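Let me begin by presenting the structure, written as structure tokens, before commenting on it.
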Amino acid sequence: MRRILTVTTLSALALATAACGGKQNTAATDSGGDVTCQVGQDTRIGIATGNATGVYFALGNAFAEQVNASGSRVQATAAETGASVQNIQQLVAGTYDVAFSLADTAADAVDGTGSFTSPQPVAALSRIHTNYTQVIVRKAAGIKDVAGMKGKRVSTGSPKSGTEVIADRVLKAAGLDAATDVSAQKLDLTKTVDGMKDGTIDALFFSGGLPTPGLTDLLTTAKDQVEFLDITPLLPEMQKINQVYQQAVIPAATYQQAADVKTIVVPNVLLVRQNLDPNVACVLTKTLFDRKPQLEQANAAAKEISLGTARKTTPVALHRGAEKALDDLKAPE
């Protein structure tokens with residue numbers, strides 16, 4: 001019910017603003033001066049999340065609710081999106097004021113590489129949870145490694161998503177071209193899971209926190225027909241692209257598997273425009289940590305949000321409003 005109400009609220013807001021010819025937010029820009037963490041006027045912001053059955057969407061909606069309950073004059077609404085690349089594009093365009101993003105996609109944005117033709121004016125509020133590259137195959141497809149996906153129907157994620165970026169890179173690391181060597185299905189997670197269940201998709205990539213609700217569904221209902229792939233042999237090639245890629249394990253208990261699964265991980269960052277009102281940025285950053293217990297109730301991935309790693313957003317610079325918040329919260333340098 002919560003998700004339905006949130007999406008309904010967003011739709012009503014979109015219609016109202018469109019009718020008035022206005023934007024979907026009222027966040028001010030940085031006019032200089034000291035950061036007080038006090039927002040002087042009612043301010044409405046939009047948060048770009050990800051697929052409806054992913055962690056970004058769960059945490060983004062929970063974060064919006066906690067911003068609204070924080071006692072500040074900031075009101076937030078979360079929206080389902082295609083995730084990282086699209087989020088950054090729409091953040092810069094002013095459609096949204098806050099965006100969830102994978103750190104590798106964010107690095108491409110500030111460097112003007114990958115999916116971006118020029119450096120993008122984004123800054124970070126904080127590093128947040130870790131995304132796990134979750135690669136699942138149908139046992140009947142006979143896929144034993146990523147190279148074995150050649151000629152198979154593979155979901156590489158929503159167009160302009162961080163999942164698509166990583167999927168293409170993992171396939172390339174295995175010597176495959178996503179455009180010619182596999183039948184790439186550029187689908188959101190809901191459609192991907194449906195395809196895995198009905199046999200129209202042989203393998204999927206999804207970069208998300210743990211647990212990802214849509215994958216919980218798949219691994220619960222089709223557990224005897226699907227299995228994870230260990231993609232860590234491809235890590236050295238991935239690290240040639242970006243050192244942010246690291247190895248970790250998906251604990252067996254996450255999806256009630258028989259054993260842990262090794263995989264490649266990348267951190268997430270919460271982004272804003274460089275010129276966002278620093279007092280709004282400060283409020284948002286403080287809310288992220290002050291209301292972390294409530295975020296954990298929405299999804300266990302929020303347990304990873306930590307003051308100890310909050311400033312680790314390189315090469316994306318922290319927004320000056322976020323720096324003030326993290327200083328006040330005594331986050332280590």
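In the structure tokens, each chain is lettered A, B, ... as it comes, each chain's residues begin at 1, and ligands are numbered from 1 in order of appearance.
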Neighbour list for Gln247 in chain A as a VMD selection string, cut-off 12 Å, only C-alpha atoms, skip fewer than 2 positions in-chain:
chain A and resid 130 to 133 230 to 236 238 to 239 243 to 245 249 to 250 261 to 267
List every residue of range 110-332 of chain A that DSSP, applied to the backbone of this structure, assigns to strand (DSSP E), and report them as a VMD selection string.
chain A and resid 122 to 138 153 to 155 183 to 185 203 to 208 226 to 228 246 to 250 261 to 273
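With distances restricted to only C-alpha atoms, A:Val165 is the closest residue to Thr113 in chain A from A:Leu276, A:Asp188, A:Val165, A:Gln225.
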So which residues touch range 147-156 of chain A within 6 Å, counting only C-alpha atoms, skipping near sequence neighbours fewer than 5 positions away, as a ChimeraX atom specification?
/A:164,167,174,181-186,201-205
Include all heavy atoms and write out the residues we just selected as an mmCIF file, in the first residue's frame.
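So result21.cif came out as:
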data_model
loop_
_atom_site.group_PDB
_atom_site.id
_atom_site.type_symbol
_atom_site.label_atom_id
_atom_site.label_comp_id
_atom_site.auth_asym_id
_atom_site.auth_seq_id
_atom_site.Cartn_x
_atom_site.Cartn_y
_atom_site.Cartn_z
ATOM 1 N N GLU A 164 23.135 -2.046 -16.763
ATOM 2 C CA GLU A 164 23.518 -2.192 -18.168
ATOM 3 C C GLU A 164 25.000 -1.880 -18.362
ATOM 4 O O GLU A 164 25.701 -2.593 -19.106
ATOM 5 C CB GLU A 164 22.674 -1.282 -19.055
ATOM 6 C CG GLU A 164 22.960 -1.461 -20.535
ATOM 7 C CD GLU A 164 22.116 -0.562 -21.414
ATOM 8 O OE1 GLU A 164 21.942 0.626 -21.077
ATOM 9 O OE2 GLU A 164 21.635 -1.052 -22.447
ATOM 10 N N ALA A 167 26.898 -4.869 -16.869
ATOM 11 C CA ALA A 167 26.680 -6.071 -17.684
ATOM 12 C C ALA A 167 27.519 -6.022 -18.957
ATOM 13 O O ALA A 167 28.177 -7.011 -19.322
ATOM 14 C CB ALA A 167 25.207 -6.206 -18.027
ATOM 15 N N ALA A 174 34.746 -10.976 -20.601
ATOM 16 C CA ALA A 174 34.709 -12.397 -20.946
ATOM 17 C C ALA A 174 34.906 -12.624 -22.442
ATOM 18 O O ALA A 174 34.789 -13.754 -22.920
ATOM 19 C CB ALA A 174 33.377 -12.994 -20.504
ATOM 20 N N ASP A 181 27.173 -10.648 -29.650
ATOM 21 C CA ASP A 181 27.449 -12.025 -29.225
ATOM 22 C C ASP A 181 26.358 -12.640 -28.367
ATOM 23 O O ASP A 181 26.320 -13.854 -28.177
ATOM 24 C CB ASP A 181 28.778 -12.097 -28.473
ATOM 25 C CG ASP A 181 29.963 -11.848 -29.392
ATOM 26 O OD1 ASP A 181 29.888 -12.248 -30.565
ATOM 27 O OD2 ASP A 181 30.957 -11.250 -28.923
ATOM 28 N N VAL A 182 25.485 -11.806 -27.800
ATOM 29 C CA VAL A 182 24.353 -12.314 -27.027
ATOM 30 C C VAL A 182 23.086 -11.649 -27.549
ATOM 31 O O VAL A 182 23.144 -10.610 -28.214
ATOM 32 C CB VAL A 182 24.497 -12.035 -25.504
ATOM 33 C CG1 VAL A 182 25.770 -12.654 -24.951
ATOM 34 C CG2 VAL A 182 24.450 -10.534 -25.196
ATOM 35 N N SER A 183 21.961 -12.251 -27.248
ATOM 36 C CA SER A 183 20.676 -11.619 -27.561
ATOM 37 C C SER A 183 20.295 -10.785 -26.346
ATOM 38 O O SER A 183 19.671 -11.274 -25.404
ATOM 39 C CB SER A 183 19.614 -12.686 -27.841
ATOM 40 O OG SER A 183 18.359 -12.083 -28.070
ATOM 41 N N ALA A 184 20.763 -9.536 -26.357
ATOM 42 C CA ALA A 184 20.596 -8.678 -25.184
ATOM 43 C C ALA A 184 19.141 -8.238 -25.019
ATOM 44 O O ALA A 184 18.540 -7.689 -25.943
ATOM 45 C CB ALA A 184 21.498 -7.456 -25.295
ATOM 46 N N GLN A 185 18.596 -8.506 -23.854
ATOM 47 C CA GLN A 185 17.242 -8.095 -23.507
ATOM 48 C C GLN A 185 17.352 -6.940 -22.511
ATOM 49 O O GLN A 185 17.738 -7.143 -21.364
ATOM 50 C CB GLN A 185 16.469 -9.260 -22.873
ATOM 51 C CG GLN A 185 16.574 -10.562 -23.648
ATOM 52 C CD GLN A 185 15.906 -10.499 -25.000
ATOM 53 O OE1 GLN A 185 14.722 -10.180 -25.096
ATOM 54 N NE2 GLN A 185 16.663 -10.799 -26.051
ATOM 55 N N LYS A 186 17.049 -5.737 -22.962
ATOM 56 C CA LYS A 186 17.214 -4.558 -22.105
ATOM 57 C C LYS A 186 15.924 -4.315 -21.331
ATOM 58 O O LYS A 186 15.113 -3.458 -21.667
ATOM 59 C CB LYS A 186 17.610 -3.352 -22.952
ATOM 60 C CG LYS A 186 18.919 -3.561 -23.700
ATOM 61 C CD LYS A 186 19.381 -2.309 -24.416
ATOM 62 C CE LYS A 186 20.722 -2.539 -25.093
ATOM 63 N NZ LYS A 186 21.297 -1.299 -25.662
ATOM 64 N N ILE A 201 14.084 -15.920 -21.063
ATOM 65 C CA ILE A 201 15.396 -15.335 -20.805
ATOM 66 C C ILE A 201 16.272 -16.424 -20.191
ATOM 67 O O ILE A 201 15.830 -17.172 -19.312
ATOM 68 C CB ILE A 201 15.296 -14.124 -19.856
ATOM 69 C CG1 ILE A 201 14.550 -12.977 -20.542
ATOM 70 C CG2 ILE A 201 16.687 -13.642 -19.425
ATOM 71 C CD1 ILE A 201 14.300 -11.793 -19.647
ATOM 72 N N ASP A 202 17.524 -16.515 -20.655
ATOM 73 C CA ASP A 202 18.435 -17.559 -20.183
ATOM 74 C C ASP A 202 19.303 -17.112 -19.014
ATOM 75 O O ASP A 202 19.745 -17.953 -18.215
ATOM 76 C CB ASP A 202 19.361 -17.991 -21.324
ATOM 77 C CG ASP A 202 18.594 -18.570 -22.501
ATOM 78 O OD1 ASP A 202 17.713 -19.421 -22.263
ATOM 79 O OD2 ASP A 202 18.861 -18.156 -23.643
ATOM 80 N N ALA A 203 19.589 -15.813 -18.935
ATOM 81 C CA ALA A 203 20.481 -15.314 -17.890
ATOM 82 C C ALA A 203 20.167 -13.850 -17.614
ATOM 83 O O ALA A 203 19.646 -13.141 -18.481
ATOM 84 C CB ALA A 203 21.939 -15.457 -18.325
ATOM 85 N N LEU A 204 20.499 -13.413 -16.418
ATOM 86 C CA LEU A 204 20.266 -12.012 -16.071
ATOM 87 C C LEU A 204 21.453 -11.433 -15.328
ATOM 88 O O LEU A 204 22.175 -12.136 -14.620
ATOM 89 C CB LEU A 204 18.999 -11.848 -15.235
ATOM 90 C CG LEU A 204 18.976 -12.323 -13.774
ATOM 91 C CD1 LEU A 204 19.597 -11.302 -12.803
ATOM 92 C CD2 LEU A 204 17.555 -12.621 -13.334
ATOM 93 N N PHE A 205 21.645 -10.153 -15.525
ATOM 94 C CA PHE A 205 22.544 -9.346 -14.707
ATOM 95 C C PHE A 205 21.677 -8.377 -13.913
ATOM 96 O O PHE A 205 20.731 -7.800 -14.449
ATOM 97 C CB PHE A 205 23.492 -8.515 -15.577
ATOM 98 C CG PHE A 205 24.592 -9.287 -16.235
ATOM 99 C CD1 PHE A 205 24.370 -9.940 -17.446
ATOM 100 C CD2 PHE A 205 25.860 -9.346 -15.678
ATOM 101 C CE1 PHE A 205 25.384 -10.642 -18.075
ATOM 102 C CE2 PHE A 205 26.889 -10.039 -16.303
ATOM 103 C CZ PHE A 205 26.648 -10.700 -17.502
#
Could the residues of range 162-238 of chain A that have an atom at most 10 Å from range 293-305 of chain A be listed as JSON lines, each with its closest atom pair and the distance in Å to one decimal, counting only C-alpha atoms and ordered by chain and ascending residue number?
{"residue": "A:Gly208", "atom": "CA", "partner": "A:Ala301", "partner_atom": "CA", "distance": 9.3}
{"residue": "A:Gly209", "atom": "CA", "partner": "A:Ala301", "partner_atom": "CA", "distance": 5.6}
{"residue": "A:Leu210", "atom": "CA", "partner": "A:Ala301", "partner_atom": "CA", "distance": 5.4}
{"residue": "A:Pro211", "atom": "CA", "partner": "A:Ala301", "partner_atom": "CA", "distance": 7.0}
{"residue": "A:Thr212", "atom": "CA", "partner": "A:Asn299", "partner_atom": "CA", "distance": 8.7}
{"residue": "A:Pro213", "atom": "CA", "partner": "A:Asn299", "partner_atom": "CA", "distance": 9.0}
Tell me, which residues of range 160-238 of chain A carry DSSP helix (DSSP H, G or I), written as a VMD selection string?
chain A and resid 162 to 173 189 to 198 213 to 221 232 to 238
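Picture a line from CA of Gly112 in chain A to CA of His319 in chain A; it runs 18.7 Å.
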Correct to one decimal, the distance CA of Gly94 in chain A-CA of Leu307 in chain A is 28.2 Å
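The spacing separating CA of Leu218 in chain A from CA of Glu80 in chain A amounts to 20.4 Å.
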